[in-house]
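**Student:** Compact mmCIF, N, CA and C atoms and all ligand atoms, file start.txt:
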```txt
# COMPACT_ATOMS: atom_id res chain seq x y z
N MET A 1180 71.15 150.50 145.16
CA MET A 1180 70.30 149.41 144.71
C MET A 1180 70.59 148.98 143.27
N SER A 1181 71.87 148.79 143.04
CA SER A 1181 72.28 148.32 141.72
C SER A 1181 71.95 146.83 141.56
N LYS A 1182 71.26 146.50 140.51
CA LYS A 1182 70.90 145.10 140.28
C LYS A 1182 71.84 144.42 139.29
N SER A 1183 72.64 145.22 138.62
CA SER A 1183 73.47 144.64 137.56
C SER A 1183 74.92 144.40 138.01
N GLY A 1184 75.16 144.52 139.34
CA GLY A 1184 76.51 144.38 139.84
C GLY A 1184 77.13 143.02 139.60
N SER A 1185 76.47 141.97 140.05
CA SER A 1185 77.05 140.64 139.96
C SER A 1185 76.82 140.01 138.59
N THR A 1186 77.89 139.53 137.99
CA THR A 1186 77.74 138.85 136.71
C THR A 1186 77.82 137.34 136.88
N THR A 1187 78.34 136.89 138.03
CA THR A 1187 78.57 135.45 138.18
C THR A 1187 77.29 134.65 138.27
N ALA A 1188 76.31 135.16 139.03
CA ALA A 1188 75.09 134.37 139.24
C ALA A 1188 73.89 134.95 138.49
N ARG A 1189 74.19 135.73 137.44
CA ARG A 1189 73.10 136.36 136.72
C ARG A 1189 72.21 135.31 136.06
N ARG A 1190 70.92 135.50 136.17
CA ARG A 1190 69.98 134.60 135.51
C ARG A 1190 69.92 134.94 134.03
N ARG A 1191 70.02 133.92 133.22
CA ARG A 1191 69.95 134.16 131.78
C ARG A 1191 68.76 133.40 131.22
N ARG A 1192 68.24 133.93 130.14
CA ARG A 1192 67.15 133.25 129.48
C ARG A 1192 67.69 132.03 128.74
N PRO A 1193 66.88 130.96 128.59
CA PRO A 1193 67.36 129.77 127.89
C PRO A 1193 67.89 130.07 126.49
N GLU A 1194 67.23 131.00 125.78
CA GLU A 1194 67.67 131.31 124.41
C GLU A 1194 69.07 131.92 124.43
N GLU A 1195 69.32 132.72 125.46
CA GLU A 1195 70.63 133.36 125.58
C GLU A 1195 71.70 132.30 125.85
N ILE A 1196 71.37 131.37 126.76
CA ILE A 1196 72.30 130.29 127.09
C ILE A 1196 72.54 129.41 125.86
N ASP A 1197 71.44 129.06 125.16
CA ASP A 1197 71.57 128.19 123.99
C ASP A 1197 72.40 128.84 122.90
N GLY A 1198 72.21 130.15 122.72
CA GLY A 1198 72.97 130.87 121.70
C GLY A 1198 74.46 130.81 121.99
N MET A 1199 74.79 130.97 123.26
CA MET A 1199 76.20 130.97 123.65
C MET A 1199 76.80 129.57 123.54
N VAL A 1200 76.05 128.56 124.01
CA VAL A 1200 76.55 127.18 123.95
C VAL A 1200 76.71 126.76 122.48
N SER A 1201 75.74 127.11 121.66
CA SER A 1201 75.79 126.78 120.24
C SER A 1201 77.02 127.42 119.57
N LYS A 1202 77.28 128.66 119.94
CA LYS A 1202 78.43 129.38 119.37
C LYS A 1202 79.75 128.72 119.80
N ILE A 1203 79.82 128.29 121.05
CA ILE A 1203 81.03 127.63 121.55
C ILE A 1203 81.26 126.32 120.80
N ILE A 1204 80.18 125.56 120.59
CA ILE A 1204 80.30 124.27 119.89
C ILE A 1204 80.71 124.50 118.43
N SER A 1205 80.10 125.50 117.79
CA SER A 1205 80.44 125.79 116.38
C SER A 1205 81.88 126.26 116.24
N GLY A 1206 82.32 127.04 117.22
CA GLY A 1206 83.65 127.63 117.13
C GLY A 1206 84.77 126.68 117.51
N ALA A 1207 84.42 125.54 118.12
CA ALA A 1207 85.45 124.64 118.65
C ALA A 1207 86.25 123.97 117.53
N GLY A 1208 85.60 123.71 116.41
CA GLY A 1208 86.30 123.07 115.30
C GLY A 1208 86.54 121.59 115.51
N LYS A 1209 86.05 121.05 116.60
CA LYS A 1209 86.15 119.62 116.90
C LYS A 1209 85.09 119.30 117.95
N PRO A 1210 84.81 118.02 118.18
CA PRO A 1210 83.81 117.69 119.20
C PRO A 1210 84.24 118.23 120.56
N ILE A 1211 83.28 118.77 121.29
CA ILE A 1211 83.60 119.43 122.56
C ILE A 1211 82.65 118.90 123.64
N GLY A 1212 83.21 118.54 124.79
CA GLY A 1212 82.43 117.96 125.87
C GLY A 1212 81.81 119.03 126.76
N ALA A 1213 80.84 118.62 127.58
CA ALA A 1213 80.10 119.56 128.42
C ALA A 1213 81.02 120.32 129.38
N TYR A 1214 82.00 119.62 129.96
CA TYR A 1214 82.85 120.31 130.92
C TYR A 1214 83.80 121.30 130.24
N THR A 1215 84.17 121.01 129.02
CA THR A 1215 84.98 121.97 128.26
C THR A 1215 84.14 123.20 127.92
N ILE A 1216 82.84 122.98 127.66
CA ILE A 1216 81.93 124.10 127.39
C ILE A 1216 81.82 124.97 128.64
N VAL A 1217 81.67 124.32 129.81
CA VAL A 1217 81.61 125.07 131.08
C VAL A 1217 82.87 125.92 131.25
N ALA A 1218 84.04 125.30 131.01
CA ALA A 1218 85.31 126.03 131.15
C ALA A 1218 85.37 127.20 130.18
N GLU A 1219 84.87 126.98 128.97
CA GLU A 1219 84.90 128.04 127.96
C GLU A 1219 84.00 129.22 128.35
N THR A 1220 82.84 128.93 128.98
CA THR A 1220 81.97 130.03 129.41
C THR A 1220 82.66 130.86 130.49
N GLU A 1221 83.45 130.19 131.34
CA GLU A 1221 84.21 130.93 132.36
C GLU A 1221 85.25 131.81 131.70
N ARG A 1222 85.95 131.23 130.71
CA ARG A 1222 87.00 131.97 130.01
C ARG A 1222 86.41 133.20 129.32
N LEU A 1223 85.18 133.06 128.82
CA LEU A 1223 84.53 134.16 128.10
C LEU A 1223 83.90 135.18 129.06
N GLY A 1224 84.01 134.93 130.36
CA GLY A 1224 83.49 135.88 131.34
C GLY A 1224 82.00 135.79 131.57
N ALA A 1225 81.36 134.69 131.12
CA ALA A 1225 79.93 134.49 131.34
C ALA A 1225 79.71 133.07 131.86
N PRO A 1226 80.23 132.79 133.07
CA PRO A 1226 80.24 131.41 133.56
C PRO A 1226 78.86 130.76 133.67
N MET A 1227 78.83 129.48 133.33
CA MET A 1227 77.62 128.67 133.48
C MET A 1227 77.98 127.47 134.34
N VAL A 1228 76.98 126.93 135.03
CA VAL A 1228 77.20 125.72 135.81
C VAL A 1228 76.88 124.53 134.90
N PRO A 1229 77.42 123.35 135.23
CA PRO A 1229 77.20 122.18 134.37
C PRO A 1229 75.72 121.90 134.07
N THR A 1230 74.82 122.07 135.07
CA THR A 1230 73.40 121.79 134.79
C THR A 1230 72.85 122.71 133.70
N GLN A 1231 73.29 123.96 133.68
CA GLN A 1231 72.82 124.88 132.62
C GLN A 1231 73.28 124.38 131.26
N VAL A 1232 74.54 123.92 131.21
CA VAL A 1232 75.08 123.43 129.93
C VAL A 1232 74.37 122.14 129.52
N TYR A 1233 74.14 121.23 130.48
CA TYR A 1233 73.45 119.98 130.15
C TYR A 1233 72.05 120.25 129.60
N ARG A 1234 71.32 121.16 130.26
CA ARG A 1234 69.96 121.47 129.78
C ARG A 1234 70.02 122.11 128.40
N SER A 1235 71.01 122.96 128.21
CA SER A 1235 71.13 123.65 126.92
C SER A 1235 71.42 122.65 125.79
N VAL A 1236 72.37 121.73 126.01
CA VAL A 1236 72.67 120.78 124.92
C VAL A 1236 71.47 119.87 124.64
N GLU A 1237 70.67 119.57 125.68
CA GLU A 1237 69.44 118.79 125.45
C GLU A 1237 68.50 119.56 124.51
N ARG A 1238 68.33 120.86 124.79
CA ARG A 1238 67.45 121.68 123.94
C ARG A 1238 68.00 121.78 122.52
N LEU A 1239 69.31 122.02 122.42
CA LEU A 1239 69.92 122.18 121.09
C LEU A 1239 69.83 120.88 120.29
N MET A 1240 69.94 119.73 120.96
CA MET A 1240 69.79 118.45 120.26
C MET A 1240 68.35 118.25 119.81
N ALA A 1241 67.40 118.62 120.67
CA ALA A 1241 65.98 118.49 120.32
C ALA A 1241 65.64 119.37 119.12
N GLN A 1242 66.34 120.49 118.96
CA GLN A 1242 66.11 121.39 117.83
C GLN A 1242 66.97 121.03 116.62
N ASP A 1243 67.74 119.93 116.74
CA ASP A 1243 68.60 119.50 115.64
C ASP A 1243 69.70 120.50 115.31
N ARG A 1244 70.09 121.29 116.26
CA ARG A 1244 71.15 122.27 116.01
C ARG A 1244 72.53 121.68 116.29
N ILE A 1245 72.58 120.67 117.18
CA ILE A 1245 73.84 119.98 117.45
C ILE A 1245 73.59 118.49 117.51
N GLU A 1246 74.66 117.70 117.42
CA GLU A 1246 74.57 116.26 117.58
C GLU A 1246 75.58 115.82 118.62
N ARG A 1247 75.25 114.71 119.28
CA ARG A 1247 76.17 114.18 120.28
C ARG A 1247 76.97 113.06 119.65
N ILE A 1248 78.29 113.14 119.76
CA ILE A 1248 79.15 112.05 119.33
C ILE A 1248 79.28 111.13 120.54
N ALA A 1249 78.54 110.02 120.51
CA ALA A 1249 78.46 109.15 121.68
C ALA A 1249 79.83 108.60 122.08
N SER A 1250 80.64 108.21 121.10
CA SER A 1250 81.94 107.60 121.41
C SER A 1250 82.85 108.55 122.16
N LEU A 1251 82.64 109.85 122.01
CA LEU A 1251 83.51 110.83 122.66
C LEU A 1251 82.81 111.59 123.77
N LYS A 1252 81.50 111.35 123.96
CA LYS A 1252 80.69 112.12 124.91
C LYS A 1252 80.90 113.61 124.65
N ALA A 1253 80.76 114.00 123.39
CA ALA A 1253 81.04 115.38 122.99
C ALA A 1253 80.02 115.81 121.92
N PHE A 1254 80.02 117.10 121.64
CA PHE A 1254 79.00 117.66 120.75
C PHE A 1254 79.62 118.35 119.55
N VAL A 1255 78.90 118.29 118.43
CA VAL A 1255 79.31 118.98 117.20
C VAL A 1255 78.07 119.67 116.63
N PRO A 1256 78.26 120.72 115.80
CA PRO A 1256 77.10 121.31 115.13
C PRO A 1256 76.49 120.28 114.19
N SER A 1257 75.18 120.30 114.02
CA SER A 1257 74.55 119.37 113.09
C SER A 1257 75.00 119.69 111.67
N PRO A 1258 75.38 118.66 110.92
CA PRO A 1258 75.77 118.91 109.53
C PRO A 1258 74.53 119.23 108.68
N ASP A 1259 74.77 119.81 107.51
CA ASP A 1259 73.65 120.19 106.64
C ASP A 1259 72.93 118.97 106.08
N GLU A 1260 73.65 117.88 105.95
CA GLU A 1260 73.00 116.68 105.43
C GLU A 1260 73.37 115.50 106.31
N GLN A 1261 72.61 114.42 106.17
CA GLN A 1261 72.86 113.21 106.95
C GLN A 1261 74.30 112.75 106.72
N SER A 1262 75.02 112.55 107.83
CA SER A 1262 76.43 112.23 107.72
C SER A 1262 76.81 111.03 108.57
N VAL A 1263 77.96 110.47 108.24
CA VAL A 1263 78.57 109.45 109.08
C VAL A 1263 79.78 110.10 109.73
N TYR A 1264 79.94 109.91 111.04
CA TYR A 1264 81.09 110.45 111.73
C TYR A 1264 82.19 109.41 111.79
N LEU A 1265 83.39 109.79 111.38
CA LEU A 1265 84.55 108.92 111.45
C LEU A 1265 85.43 109.43 112.58
N ILE A 1266 85.61 108.59 113.60
CA ILE A 1266 86.29 109.04 114.81
C ILE A 1266 87.57 108.24 115.02
N CYS A 1267 88.69 108.93 115.13
CA CYS A 1267 89.95 108.25 115.36
C CYS A 1267 90.08 107.91 116.84
N GLU A 1268 90.31 106.63 117.13
CA GLU A 1268 90.39 106.21 118.53
C GLU A 1268 91.72 106.63 119.16
N ASP A 1269 92.68 107.03 118.36
CA ASP A 1269 93.96 107.48 118.93
C ASP A 1269 93.96 108.98 119.21
N CYS A 1270 93.77 109.79 118.18
CA CYS A 1270 93.88 111.25 118.38
C CYS A 1270 92.51 111.91 118.56
N GLU A 1271 91.43 111.14 118.43
CA GLU A 1271 90.06 111.63 118.60
C GLU A 1271 89.66 112.68 117.58
N CYS A 1272 90.42 112.79 116.50
CA CYS A 1272 89.97 113.70 115.45
C CYS A 1272 88.69 113.09 114.85
N THR A 1273 87.80 113.95 114.43
CA THR A 1273 86.51 113.50 113.94
C THR A 1273 86.20 114.22 112.64
N ARG A 1274 85.76 113.48 111.66
CA ARG A 1274 85.28 114.14 110.45
C ARG A 1274 83.95 113.53 110.07
N SER A 1275 83.15 114.31 109.38
CA SER A 1275 81.87 113.77 108.92
C SER A 1275 81.90 113.68 107.41
N VAL A 1276 81.37 112.60 106.91
CA VAL A 1276 81.28 112.41 105.46
C VAL A 1276 79.81 112.17 105.12
N PRO A 1277 79.37 112.63 103.94
CA PRO A 1277 77.96 112.48 103.59
C PRO A 1277 77.54 111.01 103.57
N ALA A 1278 76.33 110.75 104.05
CA ALA A 1278 75.84 109.38 104.14
C ALA A 1278 74.68 109.13 103.20
N ARG A 1279 74.53 110.02 102.19
CA ARG A 1279 73.33 109.92 101.36
C ARG A 1279 73.19 108.58 100.65
N ASP A 1280 74.33 107.92 100.36
CA ASP A 1280 74.25 106.64 99.65
C ASP A 1280 73.81 105.48 100.55
N ILE A 1281 74.05 105.59 101.84
CA ILE A 1281 73.73 104.45 102.71
C ILE A 1281 72.45 104.65 103.51
N VAL A 1282 71.99 105.90 103.66
CA VAL A 1282 70.80 106.15 104.46
C VAL A 1282 69.57 105.39 103.93
N PRO A 1283 69.33 105.36 102.60
CA PRO A 1283 68.16 104.61 102.11
C PRO A 1283 68.24 103.12 102.46
N SER A 1284 69.45 102.52 102.39
CA SER A 1284 69.57 101.09 102.74
C SER A 1284 69.25 100.87 104.21
N LEU A 1285 69.71 101.77 105.05
CA LEU A 1285 69.43 101.62 106.49
C LEU A 1285 67.95 101.79 106.77
N ALA A 1286 67.32 102.73 106.06
CA ALA A 1286 65.88 102.92 106.23
C ALA A 1286 65.14 101.65 105.83
N GLN A 1287 65.63 101.00 104.75
CA GLN A 1287 65.00 99.75 104.30
C GLN A 1287 65.18 98.65 105.35
N VAL A 1288 66.37 98.56 105.92
CA VAL A 1288 66.63 97.56 106.98
C VAL A 1288 65.63 97.77 108.12
N CYS A 1289 65.39 99.03 108.50
CA CYS A 1289 64.45 99.33 109.58
C CYS A 1289 63.03 98.90 109.18
N ARG A 1290 62.65 99.23 107.93
CA ARG A 1290 61.30 98.85 107.48
C ARG A 1290 61.14 97.33 107.49
N ASP A 1291 62.19 96.62 107.06
CA ASP A 1291 62.15 95.15 106.98
C ASP A 1291 61.83 94.52 108.34
N VAL A 1292 62.34 95.12 109.39
CA VAL A 1292 62.11 94.55 110.73
C VAL A 1292 61.03 95.33 111.49
N ARG A 1293 60.27 96.15 110.74
CA ARG A 1293 59.18 96.93 111.31
C ARG A 1293 59.64 97.78 112.49
N PHE A 1294 60.76 98.46 112.26
CA PHE A 1294 61.30 99.36 113.27
C PHE A 1294 61.08 100.78 112.78
N ALA A 1295 60.35 101.58 113.59
CA ALA A 1295 60.06 102.96 113.19
C ALA A 1295 61.25 103.85 113.54
N GLN A 1296 62.04 104.13 112.54
CA GLN A 1296 63.24 104.93 112.76
C GLN A 1296 62.88 106.39 113.00
N ALA A 1297 63.40 106.95 114.08
CA ALA A 1297 63.17 108.37 114.36
C ALA A 1297 64.33 109.20 113.82
N LYS A 1298 65.52 108.71 114.00
CA LYS A 1298 66.70 109.47 113.62
C LYS A 1298 67.85 108.49 113.49
N ALA A 1299 68.72 108.74 112.54
CA ALA A 1299 69.91 107.90 112.40
C ALA A 1299 71.13 108.72 112.76
N HIS A 1300 71.91 108.20 113.66
CA HIS A 1300 73.17 108.86 114.00
C HIS A 1300 74.25 107.80 113.84
N LEU A 1301 75.17 108.04 112.93
CA LEU A 1301 76.12 106.99 112.56
C LEU A 1301 77.55 107.38 112.91
N GLU A 1302 78.20 106.50 113.64
CA GLU A 1302 79.59 106.74 114.03
C GLU A 1302 80.42 105.51 113.69
N ILE A 1303 81.60 105.73 113.16
CA ILE A 1303 82.54 104.63 112.92
C ILE A 1303 83.84 105.00 113.63
N VAL A 1304 84.29 104.09 114.50
CA VAL A 1304 85.52 104.33 115.25
C VAL A 1304 86.65 103.56 114.57
N GLY A 1305 87.79 104.18 114.43
CA GLY A 1305 88.94 103.52 113.80
C GLY A 1305 90.17 104.38 113.96
N LYS A 1306 91.01 104.38 112.94
CA LYS A 1306 92.22 105.20 112.99
C LYS A 1306 92.26 106.11 111.78
N CYS A 1307 92.59 107.38 112.02
CA CYS A 1307 92.71 108.33 110.92
C CYS A 1307 93.96 107.97 110.11
N ASP A 1308 94.07 108.60 108.98
CA ASP A 1308 95.18 108.32 108.07
C ASP A 1308 96.53 108.55 108.75
N ARG A 1309 96.62 109.66 109.49
CA ARG A 1309 97.88 109.99 110.15
C ARG A 1309 98.23 108.96 111.22
N CYS A 1310 97.24 108.57 112.05
CA CYS A 1310 97.51 107.63 113.14
C CYS A 1310 97.75 106.21 112.65
N SER A 1311 97.24 105.87 111.47
CA SER A 1311 97.47 104.53 110.95
C SER A 1311 98.74 104.50 110.09
N GLY A 1312 99.45 105.62 110.07
CA GLY A 1312 100.71 105.68 109.30
C GLY A 1312 100.48 105.77 107.82
N GLY A 1313 99.29 106.19 107.43
CA GLY A 1313 98.91 106.23 106.02
C GLY A 1313 99.69 107.23 105.19
N ASP A 1314 100.26 108.26 105.85
CA ASP A 1314 100.95 109.25 105.03
C ASP A 1314 102.45 108.96 104.91
N ARG A 1315 102.86 107.74 105.32
CA ARG A 1315 104.24 107.34 105.04
C ARG A 1315 104.35 107.04 103.55
N ALA A 1316 105.54 106.91 103.08
CA ALA A 1316 105.87 106.53 101.69
C ALA A 1316 105.56 107.60 100.67
ZN ZN B 1 94.16 109.91 114.56
```
Using structure tokens, write down the structure that the file contains.

**Tutor:**
Amino acid sequence: MSKSGSTTARRRRPEEIDGMVSKIISGAGKPIGAYTIVAETERLGAPMVPTQVYRSVERLMAQDRIERIASLKAFVPSPDEQSVYLICEDCECTRSVPARDIVPSLAQVCRDVRFAQAKAHLEIVGKCDRCSGGDRA
């Protein structure tokens, strides 16, 4: 009557799942999509099904622990301060730069049109220096 035999369908607590998903996202070093997270849990020997990962990223976003990069349908750890994400449309490299100088102006724009801003998530799509040939010369 061993209960710990099967590891594939073991029920895990949400906190345990969130901890693992959060660690995978932090360790990726770049935006990572839900299916890549699923593959990574398999590689780590603690497989999760896509619905577990989807629910987990929803919880982690609600707790402000991760952010979704909409242009890439991928996730990154939340930065320490409000940032703008710069996403290369060619190589999909992503970097975040502090947005402290523009956030107040955007908040003012929202107030001007009586829009109650809940959260600002800013993405700019373009070409990184390498893909635009910026490091020539
Ligand atoms: Zn690029």

**Student:** Go through chain A residue by residue and, counting only N, CA and C atoms and all ligand atoms, keep those with an atom at most 6 Å from ligand ZN 1 (chain B); for each kept residue give the shortest atom pair and its distance in Å to one decimal, ordered by chain and increasing number, as a Markdown table.

**Tutor:**
```
| residue | atom | partner | partner_atom | distance |
| --- | --- | --- | --- | --- |
| A:Cys1267 | CA | B:ZN1 | ZN | 4.6 |
| A:Glu1268 | N | B:ZN1 | ZN | 5.7 |
| A:Asp1269 | C | B:ZN1 | ZN | 4.7 |
| A:Cys1270 | N | B:ZN1 | ZN | 3.6 |
| A:Glu1271 | N | B:ZN1 | ZN | 4.9 |
| A:Cys1272 | N | B:ZN1 | ZN | 5.1 |
| A:Lys1306 | C | B:ZN1 | ZN | 5.1 |
| A:Cys1307 | N | B:ZN1 | ZN | 3.9 |
| A:Asp1308 | N | B:ZN1 | ZN | 5.7 |
| A:Arg1309 | C | B:ZN1 | ZN | 5.4 |
| A:Cys1310 | N | B:ZN1 | ZN | 4.2 |
| A:Ser1311 | N | B:ZN1 | ZN | 5.9 |
```

**Student:** If you run DSSP on the backbone, which residues of segment 1185-1244 of chain A are alpha helix (DSSP H), as number ranges by chain?

**Tutor:** A: 1193-1207, 1213-1222, 1229-1241

**Student:** So that I can check the surroundings of Met1199 of chain A, please list as a VMD selection string every protein, DNA and RNA residue that reaches within 12 Å of it, counting only C-alpha atoms and ignoring chain neighbours fewer than 3 positions away.

**Tutor:** chain A and resid 1191 to 1196 1202 to 1206 1216 to 1217 1219 to 1221 1223 to 1227 1231 to 1232 1235 to 1236 1239

**Student:** Hey, can I get the axis-aligned box for segment 1249-1257 of chain A? All listed atoms, 4 Å padding on each side, centre and edge lengths in Å to one decimal, as JSON.

**Tutor:**
```
{"center_x": 79.0, "center_y": 114.5, "center_z": 118.3, "size_x": 17.0, "size_y": 21.7, "size_z": 21.2}
```

**Student:** Please return as a ChimeraX atom specification: the residues of segment 1227-1286 of chain A that backbone DSSP assigns to strand (DSSP E or B).

**Tutor:** /A:1245-1248,1253-1256,1262-1267,1273-1277

**Student:** Would you kindly return, as a VMD selection string, each protein, DNA or RNA residue with an atom no farther than 7 Å from any atom of His1300 of chain A, considering all atoms listed in the file and excluding same-chain residues fewer than 6 positions away?

**Tutor:** chain A and resid 1262 to 1264

**Student:** Under the rule that only N, CA and C atoms are counted, which of A:Ile1245, A:Ile1303, A:Ala1218, A:Val1228 is the nearest residue to Ser1201 of chain A?

**Tutor:**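 Closest to Ser1201 of chain A, using only N, CA and C atoms: A:Ile1245.
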
**Student:** What is the distance, in Å and to one decimal place, between atom C of Ala1253 of chain A and atom CA of Arg1290 of chain A?

**Tutor:**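 Atom-to-atom, atom C of Ala1253 of chain A to atom CA of Arg1290 of chain A, that is 29.1 Å.
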
**Student:** Measuring between only C-alpha atoms, which one of A:Asp1259, A:Asp1243, A:Glu1302, A:Asp1197 shows the shortest distance to Arg1274 of chain A?

**Tutor:**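 Nearest to Arg1274 of chain A: A:Glu1302.
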
**Student:** Between atom CA of Val1304 of chain A and atom CA of Arg1238 of chain A, measure the distance and give it in Å to one decimal.

**Tutor:**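 Taking atom CA of Val1304 of chain A and atom CA of Arg1238 of chain A, their separation equals 26.5 Å.
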
**Student:** For Ala1241 of chain A, which of A:Asp1280, A:Ser1257, A:Ala1207, A:Thr1273 is the closest residue, counting only C-alpha atoms?

**Tutor:**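 Checking each candidate against Ala1241 of chain A, we get A:Ser1257 as the closest.
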
**Student:** Quote the spacing between atom C of Gly1305 of chain A and atom CA of Gln1287 of chain A in Å to one decimal place.

**Tutor:**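 If I compute the distance from atom C of Gly1305 of chain A to atom CA of Gln1287 of chain A, I get 27.4 Å.
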
**Student:** Can you work out which one of A:Val1276, A:Ala1213, A:Leu1285, A:Ala1299 has the shortest atom-to-atom distance to Tyr1233 of chain A, counting all atoms listed in the file?

**Tutor:**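 Nearest to Tyr1233 of chain A: A:Ala1213.
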
**Student:** For a quick check of understanding, using only N, CA and C atoms, which of A:Leu1251, A:Met1240, A:Arg1190, A:Thr1230 has the smallest distance to Pro1210 of chain A?

**Tutor:**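 Closest to Pro1210 of chain A of all the choices is A:Leu1251.
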